[in-house]
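final18.txt (compact mmCIF, C-alpha atoms and all ligand atoms) appears below.
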```
# COMPACT_ATOMS: atom_id res chain seq x y z
CA MET A 1 -15.31 -22.91 -9.32
CA PRO A 2 -12.89 -24.12 -11.98
CA THR A 3 -11.02 -27.37 -11.66
CA ARG A 4 -8.20 -27.08 -9.15
CA MET A 5 -4.76 -27.61 -10.58
CA ARG A 6 -3.11 -29.12 -7.55
CA MET A 7 -2.81 -32.47 -5.87
CA PRO A 8 -3.67 -32.78 -2.18
CA MET A 9 -0.44 -32.50 -0.20
CA THR A 10 0.28 -31.82 3.43
CA ASP A 11 4.05 -31.41 3.57
CA PRO A 12 5.19 -27.78 3.26
CA LYS A 13 8.52 -28.99 1.86
CA ILE A 14 6.76 -30.57 -1.10
CA TRP A 15 5.03 -27.26 -1.85
CA LEU A 16 8.29 -25.38 -1.48
CA ASP A 17 10.05 -27.74 -3.87
CA ARG A 18 7.25 -27.31 -6.39
CA ILE A 19 7.39 -23.53 -6.08
CA ARG A 20 11.19 -23.50 -6.43
CA ALA A 21 10.88 -25.59 -9.58
CA LEU A 22 8.55 -23.13 -11.29
CA PRO A 23 10.13 -21.33 -14.27
CA LEU A 24 9.69 -17.77 -12.99
CA GLU A 25 11.02 -15.30 -15.52
CA SER A 26 10.28 -12.09 -13.63
CA PRO A 27 9.47 -10.96 -10.08
CA VAL A 28 5.95 -11.67 -8.83
CA ARG A 29 4.24 -9.71 -6.08
CA ILE A 30 1.61 -11.60 -4.10
CA MET A 31 -0.60 -9.73 -1.64
CA ASN A 32 -2.34 -11.27 1.35
CA VAL A 33 -5.18 -9.40 3.06
CA CYS A 34 -5.36 -11.13 6.40
CA GLY A 35 -3.46 -10.52 9.63
CA GLY A 36 -3.58 -14.28 10.34
CA HIS A 37 -1.99 -14.99 6.96
CA GLU A 38 0.69 -12.41 7.57
CA ARG A 39 1.44 -13.87 11.00
CA SER A 40 1.83 -17.37 9.52
CA VAL A 41 3.99 -16.12 6.66
CA THR A 42 6.27 -14.16 8.99
CA MET A 43 6.51 -16.61 11.88
CA SER A 44 7.08 -19.65 9.64
CA GLY A 45 9.92 -17.95 7.79
CA MET A 46 8.07 -18.56 4.53
CA ARG A 47 9.30 -15.32 2.96
CA THR A 48 12.95 -16.26 3.28
CA ALA A 49 12.28 -19.83 2.13
CA LEU A 50 10.72 -18.71 -1.14
CA PRO A 51 12.78 -17.76 -4.19
CA ASP A 52 13.93 -14.12 -4.20
CA ALA A 53 11.70 -13.32 -7.17
CA ILE A 54 8.59 -13.86 -5.06
CA GLU A 55 7.41 -11.01 -2.84
CA ILE A 56 4.69 -11.61 -0.27
CA ILE A 57 3.13 -8.25 0.56
CA PRO A 58 0.94 -7.68 3.64
CA GLY A 59 -2.17 -5.76 2.54
CA PRO A 60 -5.34 -4.50 4.24
CA GLY A 61 -5.77 -7.33 6.72
CA CYS A 62 -5.94 -5.54 10.06
CA PRO A 63 -9.34 -4.16 11.04
CA VAL A 64 -8.02 -2.42 14.14
CA CYS A 65 -5.46 -0.59 12.00
CA VAL A 66 -8.11 0.91 9.72
CA CYS A 67 -10.73 1.64 12.40
CA PRO A 68 -11.37 5.36 11.88
CA GLU A 69 -10.09 7.74 14.45
CA GLU A 70 -13.54 9.28 14.97
CA ASP A 71 -14.95 5.94 16.12
CA ILE A 72 -12.16 5.36 18.64
CA TYR A 73 -12.53 8.97 19.81
CA GLN A 74 -16.29 8.46 20.17
CA ALA A 75 -15.74 5.34 22.27
CA ILE A 76 -13.26 7.19 24.49
CA GLN A 77 -15.68 10.09 24.97
CA LEU A 78 -18.61 7.81 25.74
CA ALA A 79 -16.53 6.11 28.41
CA LEU A 80 -15.36 9.41 29.89
CA ARG A 81 -18.50 11.55 29.63
CA ASP A 82 -21.56 9.30 29.57
CA ASP A 83 -20.73 7.02 32.47
CA VAL A 84 -21.28 3.92 30.37
CA ILE A 85 -19.51 0.61 30.73
CA LEU A 86 -17.48 0.53 27.54
CA VAL A 87 -16.50 -2.95 26.40
CA ALA A 88 -14.21 -3.68 23.45
CA PHE A 89 -11.92 -6.36 22.12
CA GLY A 90 -8.60 -6.14 23.92
CA ASP A 91 -6.41 -4.85 21.11
CA MET A 92 -8.66 -1.79 20.61
CA LEU A 93 -7.80 -0.48 24.06
CA ARG A 94 -4.29 0.69 23.24
CA VAL A 95 -4.95 2.20 19.81
CA PRO A 96 -4.03 5.89 20.04
CA VAL A 97 -5.88 8.83 18.48
CA ASN A 98 -4.51 12.27 17.67
CA VAL A 99 -5.41 14.65 20.48
CA ALA A 100 -3.74 17.59 22.15
CA LYS A 101 -1.00 16.76 24.59
CA GLY A 102 -2.41 15.91 28.00
CA GLU A 103 -5.76 14.68 26.65
CA VAL A 104 -6.85 11.04 26.88
CA ARG A 105 -5.63 9.35 23.69
CA SER A 106 -6.80 5.73 24.04
CA LEU A 107 -9.38 3.61 25.79
CA ALA A 108 -6.62 2.30 28.06
CA GLU A 109 -5.84 5.86 29.11
CA ALA A 110 -9.56 6.49 29.64
CA ARG A 111 -9.64 3.50 31.98
CA ALA A 112 -6.60 4.82 33.83
CA ALA A 113 -8.46 8.13 34.17
CA GLY A 114 -11.34 6.36 35.93
CA ALA A 115 -13.67 5.38 33.07
CA ASP A 116 -15.27 1.95 33.20
CA VAL A 117 -13.57 0.33 30.19
CA ARG A 118 -13.44 -3.45 30.04
CA PRO A 119 -11.69 -5.73 27.54
CA ILE A 120 -13.77 -8.62 26.27
CA ALA A 121 -13.06 -11.61 24.06
CA SER A 122 -16.55 -12.24 22.60
CA PRO A 123 -20.03 -10.72 22.18
CA THR A 124 -21.25 -13.18 24.81
CA GLU A 125 -19.18 -11.34 27.40
CA ALA A 126 -20.76 -8.03 26.37
CA ARG A 127 -24.19 -9.51 26.92
CA GLN A 128 -23.19 -10.98 30.29
CA ILE A 129 -21.83 -7.64 31.51
CA ALA A 130 -25.07 -5.92 30.46
CA GLU A 131 -27.11 -8.55 32.31
CA GLN A 132 -24.96 -8.16 35.41
CA HIS A 133 -25.41 -4.37 35.43
CA PRO A 134 -29.06 -3.76 34.45
CA THR A 135 -29.03 -0.16 35.72
CA ARG A 136 -25.97 0.84 33.68
CA ASP A 137 -25.69 1.52 29.96
CA VAL A 138 -23.23 -0.85 28.34
CA VAL A 139 -21.70 0.09 24.97
CA PHE A 140 -19.97 -2.61 22.94
CA PHE A 141 -17.40 -0.99 20.65
CA ALA A 142 -17.23 -3.65 17.94
CA ALA A 143 -14.54 -3.05 15.33
CA GLY A 144 -13.56 -5.82 12.96
CA PHE A 145 -13.91 -7.48 9.59
CA GLU A 146 -16.63 -9.92 8.53
CA THR A 147 -15.52 -12.65 10.93
CA THR A 148 -15.85 -10.32 13.91
CA THR A 149 -19.03 -8.63 12.74
CA ALA A 150 -20.91 -11.89 12.09
CA PRO A 151 -21.02 -12.89 15.79
CA VAL A 152 -22.11 -9.34 16.68
CA ALA A 153 -24.94 -9.67 14.14
CA ALA A 154 -25.87 -13.04 15.64
CA MET A 155 -25.99 -11.48 19.09
CA LEU A 156 -28.32 -8.72 17.89
CA MET A 157 -30.59 -11.22 16.13
CA GLU A 158 -30.85 -13.36 19.25
CA GLY A 159 -31.93 -10.33 21.25
CA VAL A 160 -29.92 -8.35 23.78
CA PRO A 161 -30.69 -6.62 27.09
CA SER A 162 -32.22 -3.17 26.70
CA ASN A 163 -29.18 -1.53 28.33
CA LEU A 164 -26.75 -2.95 25.73
CA SER A 165 -25.95 -1.02 22.57
CA VAL A 166 -23.33 -1.47 19.87
CA LEU A 167 -20.93 1.10 18.45
CA LEU A 168 -20.39 -0.90 15.28
CA SER A 169 -17.29 -0.21 13.21
CA GLY A 170 -17.36 -3.28 11.00
CA ARG A 171 -15.57 -3.44 7.67
CA LEU A 172 -15.76 -5.66 4.60
CA THR A 173 -12.42 -6.82 3.26
CA TRP A 174 -13.02 -7.02 -0.48
CA PRO A 175 -13.87 -3.32 -1.10
CA ALA A 176 -10.36 -2.30 0.01
CA VAL A 177 -8.87 -4.74 -2.50
CA ALA A 178 -11.26 -3.46 -5.16
CA MET A 179 -10.21 0.11 -4.39
CA LEU A 180 -6.54 -0.84 -4.75
CA LEU A 181 -7.16 -2.61 -8.05
CA GLU A 182 -9.23 0.25 -9.43
CA SER A 183 -6.61 2.82 -8.41
CA GLY A 184 -4.30 1.65 -11.18
CA GLU A 185 -1.53 1.33 -8.59
CA ALA A 186 -2.45 -1.95 -6.98
CA GLY A 187 1.17 -2.93 -6.44
CA PHE A 188 0.56 -6.67 -6.67
CA ASP A 189 0.25 -9.28 -9.41
CA CYS A 190 -1.59 -12.05 -7.53
CA LEU A 191 -3.89 -12.24 -4.53
CA ILE A 192 -4.16 -14.69 -1.63
CA ALA A 193 -7.70 -14.18 -0.34
CA PRO A 194 -8.66 -14.70 3.31
CA GLY A 195 -10.10 -18.15 3.96
CA HIS A 196 -11.83 -17.23 7.22
CA VAL A 197 -13.73 -14.40 5.52
CA ALA A 198 -14.66 -16.70 2.62
CA THR A 199 -15.92 -19.26 5.14
CA ILE A 200 -18.64 -16.78 6.07
CA MET A 201 -19.19 -14.69 2.95
CA GLY A 202 -18.43 -17.36 0.35
CA PRO A 203 -15.53 -17.60 -2.12
CA GLU A 204 -17.66 -15.92 -4.81
CA GLU A 205 -16.96 -12.53 -3.20
CA TRP A 206 -13.40 -12.72 -4.57
CA GLN A 207 -14.35 -13.68 -8.12
CA PHE A 208 -14.17 -10.01 -9.21
CA VAL A 209 -10.39 -10.09 -8.80
CA VAL A 210 -10.21 -12.62 -11.62
CA ASP A 211 -13.18 -11.55 -13.74
CA GLN A 212 -12.68 -7.78 -13.66
CA HIS A 213 -8.91 -7.52 -13.26
CA GLY A 214 -7.46 -10.76 -14.64
CA ILE A 215 -5.44 -11.25 -11.45
CA PRO A 216 -4.64 -14.84 -10.35
CA ALA A 217 -6.23 -15.51 -6.97
CA ALA A 218 -6.40 -18.31 -4.43
CA ILE A 219 -8.16 -18.67 -1.10
CA ALA A 220 -5.99 -19.91 1.77
CA GLY A 221 -6.36 -20.93 5.39
CA PHE A 222 -4.01 -19.92 8.19
CA ASP A 223 -1.62 -22.87 8.05
CA THR A 224 1.61 -22.78 6.09
CA ASP A 225 0.51 -25.70 3.96
CA SER A 226 -2.57 -23.89 2.71
CA LEU A 227 -0.62 -20.66 2.18
CA LEU A 228 2.06 -22.44 0.18
CA ALA A 229 -0.59 -24.22 -1.87
CA ALA A 230 -2.20 -20.86 -2.64
CA THR A 231 1.21 -19.36 -3.48
CA TYR A 232 1.94 -22.22 -5.86
CA SER A 233 -1.49 -21.88 -7.45
CA VAL A 234 -1.23 -18.17 -8.20
CA LEU A 235 2.34 -18.48 -9.45
CA ARG A 236 1.41 -21.26 -11.80
CA GLN A 237 -1.59 -19.29 -13.05
CA LYS A 238 0.74 -16.34 -13.66
CA ILE A 239 3.24 -18.46 -15.58
CA GLU A 240 0.51 -20.10 -17.65
CA LEU A 241 -1.02 -16.68 -18.41
CA ARG A 242 -4.40 -17.55 -17.02
CA ALA A 243 -6.37 -16.49 -13.98
CA PHE A 244 -8.99 -18.20 -11.90
CA LEU A 245 -10.05 -18.30 -8.27
CA ASP A 246 -8.56 -21.40 -6.67
CA ASN A 247 -9.96 -22.60 -3.36
CA CYS A 248 -6.98 -23.93 -1.38
CA TYR A 249 -9.06 -24.10 1.80
CA ALA A 250 -11.77 -26.28 0.33
CA GLY A 251 -12.32 -28.35 3.47
CA VAL A 252 -13.67 -25.26 5.21
CA VAL A 253 -14.68 -22.76 2.51
CA ARG A 254 -17.85 -23.84 0.75
CA PRO A 255 -19.78 -22.20 -2.10
CA GLU A 256 -21.89 -19.32 -0.75
CA GLY A 257 -20.15 -19.48 2.61
CA ASN A 258 -22.24 -19.76 5.75
CA PRO A 259 -25.85 -18.93 4.77
CA ILE A 260 -27.03 -18.49 8.36
CA ALA A 261 -24.23 -16.08 9.25
CA ARG A 262 -24.81 -14.14 6.03
CA GLN A 263 -28.52 -13.90 6.72
CA GLN A 264 -27.84 -12.61 10.22
CA LEU A 265 -25.43 -10.04 8.81
CA ASN A 266 -28.04 -8.94 6.28
CA GLN A 267 -30.74 -8.57 8.91
CA ALA A 268 -28.74 -7.02 11.75
CA THR A 269 -26.50 -4.70 9.74
CA LYS A 270 -26.59 -2.44 6.71
CA VAL A 271 -23.64 -1.91 4.39
CA GLU A 272 -22.67 1.67 3.55
CA THR A 273 -19.71 3.80 2.55
CA ALA A 274 -17.27 3.87 5.45
CA ASN A 275 -14.12 5.69 6.44
CA TRP A 276 -10.86 3.76 6.74
CA ARG A 277 -8.25 5.37 8.93
CA GLY A 278 -5.57 7.06 6.89
CA ILE A 279 -7.12 5.82 3.66
CA GLY A 280 -10.46 7.60 3.42
CA ALA A 281 -13.98 6.63 2.41
CA ILE A 282 -14.48 3.36 0.55
CA PRO A 283 -17.94 2.68 -0.95
CA ALA A 284 -19.98 -0.22 0.44
CA SER A 285 -17.22 -1.14 2.88
CA GLY A 286 -18.76 -0.63 6.30
CA PHE A 287 -21.19 -2.57 8.44
CA PHE A 288 -23.53 -0.37 10.48
CA VAL A 289 -26.38 -1.38 12.80
CA HIS A 290 -29.56 -2.02 10.80
CA PRO A 291 -32.45 0.40 11.47
CA ASP A 292 -34.50 -2.55 12.76
CA HIS A 293 -32.07 -2.64 15.70
CA ALA A 294 -31.92 1.14 16.20
CA ALA A 295 -32.70 0.72 19.91
CA HIS A 296 -29.29 -0.92 20.25
CA ASP A 297 -27.36 1.43 17.98
CA ALA A 298 -24.95 3.43 20.14
CA ARG A 299 -24.62 5.98 17.33
CA LEU A 300 -28.30 6.85 17.81
CA ARG A 301 -28.57 6.39 21.56
CA PHE A 302 -25.74 8.67 22.59
CA GLU A 303 -24.40 12.08 21.70
CA ASP A 304 -22.02 12.21 18.74
CA TYR A 305 -18.74 13.63 19.99
CA SER A 306 -16.94 13.38 16.67
CA ALA A 307 -16.94 16.81 15.07
CA ASP A 308 -16.51 17.01 11.31
CA ALA A 309 -12.98 18.30 11.78
CA ARG A 310 -12.07 15.04 13.50
CA ARG A 311 -13.59 12.98 10.71
CA ARG A 312 -11.50 14.91 8.19
CA ALA A 313 -8.40 14.73 10.34
CA GLY A 314 -8.68 11.00 10.84
CA GLU A 315 -5.13 10.40 9.85
CA MET A 316 -2.38 8.32 11.32
CA PRO A 317 -0.15 9.91 13.98
CA PRO A 318 2.63 12.19 12.66
CA GLY A 319 5.50 10.19 11.18
CA CYS A 320 3.49 6.94 11.14
CA ASP A 321 3.37 5.17 7.77
CA CYS A 322 0.57 2.82 8.83
CA ALA A 323 -1.79 3.81 6.00
CA ASN A 324 0.83 2.91 3.41
CA VAL A 325 1.69 -0.28 5.30
CA VAL A 326 -1.98 -1.30 5.31
CA LEU A 327 -2.23 -0.71 1.57
CA GLY A 328 0.96 -2.67 0.89
CA LYS A 329 2.72 0.44 -0.48
CA VAL A 330 5.63 0.14 1.96
CA TYR A 331 6.88 -2.65 4.18
CA PRO A 332 6.57 -2.12 7.95
CA ASN A 333 10.33 -1.92 8.44
CA GLN A 334 10.54 0.92 5.92
CA CYS A 335 8.80 3.22 8.39
CA LYS A 336 11.47 5.33 10.06
CA LEU A 337 9.86 4.82 13.46
CA TYR A 338 9.73 0.99 13.20
CA GLY A 339 11.44 -0.67 16.15
CA LYS A 340 12.84 2.64 17.34
CA ALA A 341 10.29 5.13 18.61
CA CYS A 342 7.48 2.68 17.75
CA THR A 343 7.49 -0.73 19.46
CA PRO A 344 4.73 -2.94 20.90
CA ARG A 345 5.45 -1.38 24.30
CA THR A 346 5.43 2.16 22.90
CA PRO A 347 3.11 1.95 19.88
CA ILE A 348 2.70 5.09 17.81
CA GLY A 349 0.39 3.71 15.10
CA PRO A 350 -2.33 1.05 15.21
CA CYS A 351 -0.24 -1.37 13.09
CA MET A 352 2.05 -1.79 16.11
CA VAL A 353 -0.85 -2.33 18.54
CA SER A 354 -2.97 -5.06 17.05
CA ASP A 355 -1.95 -8.70 16.84
CA GLU A 356 -3.11 -8.43 13.22
CA GLY A 357 -1.01 -5.35 12.50
CA ALA A 358 1.87 -5.95 10.10
CA CYS A 359 4.30 -3.79 12.10
CA ARG A 360 3.71 -5.71 15.29
CA ILE A 361 3.89 -9.06 13.47
CA TRP A 362 7.15 -8.17 11.74
CA LEU A 363 8.78 -6.85 14.92
CA SER A 364 7.59 -9.90 16.91
CA GLY A 365 8.99 -12.06 14.13
CA GLY A 366 12.41 -10.48 14.47
CA VAL A 367 12.35 -8.57 11.18
CA GLU A 368 14.97 -5.87 11.45
CA HIS A 369 14.80 -2.30 10.32
CA ALA A 370 15.27 -1.84 6.58
CA ALA A 371 18.78 -0.77 5.67
S1 LIG B 401 6.20 1.21 12.80
FE1 LIG B 401 4.71 2.29 14.08
S2 LIG B 401 4.74 4.38 13.36
FE2 LIG B 401 5.63 3.09 11.74
S3 LIG B 401 3.96 2.50 10.38
FE3 LIG B 401 4.17 0.90 11.91
S4 LIG B 401 2.71 1.51 13.51
FE4 LIG B 401 3.06 3.32 12.27
```
Could you take the file, read its structure, and then write that structure out as structure tokens?
Amino acid sequence: MPTRMRMPMTDPKIWLDRIRALPLESPVRIMNVCGGHERSVTMSGMRTALPDAIEIIPGPGCPVCVCPEEDIYQAIQLALRDDVILVAFGDMLRVPVNVAKGEVRSLAEARAAGADVRPIASPTEARQIAEQHPTRDVVFFAAGFETTTAPVAAMLMEGVPSNLSVLLSGRLTWPAVAMLLESGEAGFDCLIAPGHVATIMGPEEWQFVVDQHGIPAAIAGFDTDSLLAATYSVLRQKIELRAFLDNCYAGVVRPEGNPIARQQLNQATKVETANWRGIGAIPASGFFVHPDHAAHDARLRFEDYSADARRRAGEMPPGCDCANVVLGKVYPNQCKLYGKACTPRTPIGPCMVSDEGACRIWLSGGVEHAA
């Protein structure tokens, strides 16, 4: 890690003053790739407090939003047809898939139709439910980024009841950023990298942004202070025509991350090309259950209900711009359905369902429809 250019400060106003004093000569687009970052940015009013020349763009930071349609469909079908207890993190339950009118289109609708679908908050709950129902098959539909997948890996490594299996739909964050940068249409000049992911995987994972693309980058935590520090860092790098990876979450993010969590991820999962909803296949971007744990891999234990046509059709619902929102190509309020047909009560796309979805965050934060 290079020497950090900033002084320790804890007052957001000091960071804002420093940012406002920077001699910015042209607009700068800064992407964040974390739903928690986007929530802090939106709810704190940081965007409006920054100079107009600075754009903060929400990027691929919502794992629920990119969970492929075929995996959600598979979970719905397992719940409906295989008489399993299907457990999943709460915000997965309302994510809709594209099906013919009248068919069950979400796990919540499957539950309403009589399937045993239960929201959980942690892998521990999945284990407890399996222990409480030893004669039933329990399937844990685990969709999430590194921070969600690591506890699932830990659960598998500790050993789970024989009736518990995992439908793992884990994703790594950095390959989506790499794909954007390699596309030639990244749409951003600087990156704020996710501190919670770096806590586990290590800050080194983001070094490619600097080394291969010359893009200023800084790792930030969830609080406004850390985000402003990271914003200041990347802006100053940009102005000084240099790029390095600054760790603005140094109290938590350590070199090489969390070695135990990484070891558990390596042993309990394998990383392969994976499909991202509305975006397509991204190499080395998906966590799948490791063959050593095949007995607990729901993809092997149960019938595959996802026909190839569904894998190919894994797009967002008609009219939904979620894929472009996730990639930072458009802002949430530029979708014509934002806040009108699509609201948290009547979500059309996954970005309006998840707490980490940019559309939901922006609408909750009072951001109005684009003119
Ligand atoms: S507002 Fe709704 S329909 Fe539009 S992109 Fe967001 S989730 Fe999709």
Near-segment 127-130 of chain A list (8 Å; all atoms listed in the file; drop same-chain fewer than 6 positions) as a list in words: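 My reading of the contact set: Arg136, Asp137, Val138, Val160, Pro161, Asn163 and Leu164 of chain A.
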Point (-20.0, -18.6, -1.9) neighbourhood (7 Å, all atoms listed in the file) written as a list of chain:residue names: A:Met201, A:Gly202, A:Pro203, A:Glu204, A:Glu205, A:Arg254, A:Pro255, A:Glu256, A:Gly257
Name the residues, by chain letter and number, that sit within 8 Å of ligand LIG 401 (chain B) using all atoms listed in the file, and give them as a ChimeraX atom specification. /A:316-317,319-325,332-339,341-343,347-353,357-360
From the list A:Ala115, A:Ala178, A:Ala143, A:Ala121, which residue is nearest Met92 of chain A when using only C-alpha atoms? A:Ala143
Exercise: Pro27 of chain A partners within 9 Å, all atoms listed in the file, chain neighbours under 3 positions left out, as a list of chain:residue names: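 Near Pro27 of chain A, the qualifying residues are A:Leu24, A:Asp52, A:Ala53, A:Ile54, A:Glu55.
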A:Ser169, A:Thr231, A:Thr224, A:Asn275 ranked by distance to Ile192 of chain A, top pick (using all atoms listed in the file):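 So, comparing all the options, the nearest one is A:Thr231.
One finds atom CA of Ala193 of chain A at 19.8 Å from atom CA of Gly45 of chain A.
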How would segment 148-170 of chain A of the given structure read as a file with N, CA and C atoms, as an mmCIF file, in the first residue's frame?
```cif
data_model
loop_
_atom_site.group_PDB
_atom_site.id
_atom_site.type_symbol
_atom_site.label_atom_id
_atom_site.label_comp_id
_atom_site.auth_asym_id
_atom_site.auth_seq_id
_atom_site.Cartn_x
_atom_site.Cartn_y
_atom_site.Cartn_z
ATOM 1 N N THR A 148 -21.774 -12.083 2.185
ATOM 2 C CA THR A 148 -22.867 -13.013 2.483
ATOM 3 C C THR A 148 -22.410 -14.449 2.282
ATOM 4 N N THR A 149 -21.563 -14.662 1.290
ATOM 5 C CA THR A 149 -21.137 -16.024 0.977
ATOM 6 C C THR A 149 -20.158 -16.560 2.028
ATOM 7 N N ALA A 150 -19.352 -15.679 2.609
ATOM 8 C CA ALA A 150 -18.371 -16.153 3.597
ATOM 9 C C ALA A 150 -19.037 -16.870 4.783
ATOM 10 N N PRO A 151 -20.097 -16.332 5.375
ATOM 11 C CA PRO A 151 -20.749 -17.077 6.465
ATOM 12 C C PRO A 151 -21.388 -18.387 5.998
ATOM 13 N N VAL A 152 -21.838 -18.436 4.743
ATOM 14 C CA VAL A 152 -22.380 -19.695 4.215
ATOM 15 C C VAL A 152 -21.256 -20.726 4.119
ATOM 16 N N ALA A 153 -20.089 -20.264 3.650
ATOM 17 C CA ALA A 153 -18.926 -21.163 3.563
ATOM 18 C C ALA A 153 -18.533 -21.646 4.963
ATOM 19 N N ALA A 154 -18.566 -20.747 5.922
ATOM 20 C CA ALA A 154 -18.217 -21.136 7.299
ATOM 21 C C ALA A 154 -19.186 -22.193 7.823
ATOM 22 N N MET A 155 -20.459 -22.008 7.500
ATOM 23 C CA MET A 155 -21.471 -22.981 7.926
ATOM 24 C C MET A 155 -21.185 -24.354 7.328
ATOM 25 N N LEU A 156 -20.862 -24.392 6.033
ATOM 26 C CA LEU A 156 -20.573 -25.676 5.385
ATOM 27 C C LEU A 156 -19.331 -26.325 5.990
ATOM 28 N N MET A 157 -18.315 -25.520 6.283
ATOM 29 C CA MET A 157 -17.078 -26.067 6.842
ATOM 30 C C MET A 157 -17.276 -26.620 8.250
ATOM 31 N N GLU A 158 -18.203 -25.991 8.991
ATOM 32 C CA GLU A 158 -18.459 -26.479 10.354
ATOM 33 C C GLU A 158 -19.255 -27.775 10.349
ATOM 34 N N GLY A 159 -19.915 -28.054 9.230
ATOM 35 C CA GLY A 159 -20.742 -29.257 9.137
ATOM 36 C C GLY A 159 -22.196 -28.902 9.348
ATOM 37 N N VAL A 160 -23.058 -29.446 8.492
ATOM 38 C CA VAL A 160 -24.483 -29.125 8.576
ATOM 39 C C VAL A 160 -25.295 -30.414 8.604
ATOM 40 N N PRO A 161 -26.537 -30.347 9.079
ATOM 41 C CA PRO A 161 -27.385 -31.551 9.092
ATOM 42 C C PRO A 161 -27.546 -32.128 7.681
ATOM 43 N N SER A 162 -27.732 -33.435 7.605
ATOM 44 C CA SER A 162 -27.781 -34.090 6.295
ATOM 45 C C SER A 162 -28.968 -33.613 5.457
ATOM 46 N N ASN A 163 -29.996 -33.082 6.103
ATOM 47 C CA ASN A 163 -31.190 -32.647 5.350
ATOM 48 C C ASN A 163 -31.098 -31.190 4.888
ATOM 49 N N LEU A 164 -29.939 -30.553 5.110
ATOM 50 C CA LEU A 164 -29.775 -29.153 4.692
ATOM 51 C C LEU A 164 -28.887 -29.069 3.453
ATOM 52 N N SER A 165 -29.368 -28.417 2.424
ATOM 53 C CA SER A 165 -28.534 -28.174 1.242
ATOM 54 C C SER A 165 -28.626 -26.699 0.860
ATOM 55 N N VAL A 166 -27.665 -26.284 0.051
ATOM 56 C CA VAL A 166 -27.539 -24.865 -0.290
ATOM 57 C C VAL A 166 -27.690 -24.671 -1.796
ATOM 58 N N LEU A 167 -28.605 -23.796 -2.180
ATOM 59 C CA LEU A 167 -28.676 -23.334 -3.565
ATOM 60 C C LEU A 167 -27.873 -22.038 -3.589
ATOM 61 N N LEU A 168 -26.585 -22.186 -3.890
ATOM 62 C CA LEU A 168 -25.667 -21.046 -3.750
ATOM 63 C C LEU A 168 -25.645 -20.204 -5.029
ATOM 64 N N SER A 169 -25.898 -18.926 -4.843
ATOM 65 C CA SER A 169 -25.861 -17.974 -5.960
ATOM 66 C C SER A 169 -24.994 -16.795 -5.530
ATOM 67 N N GLY A 170 -23.755 -17.131 -5.133
ATOM 68 C CA GLY A 170 -22.837 -16.108 -4.638
ATOM 69 C C GLY A 170 -22.123 -15.413 -5.789
#
```
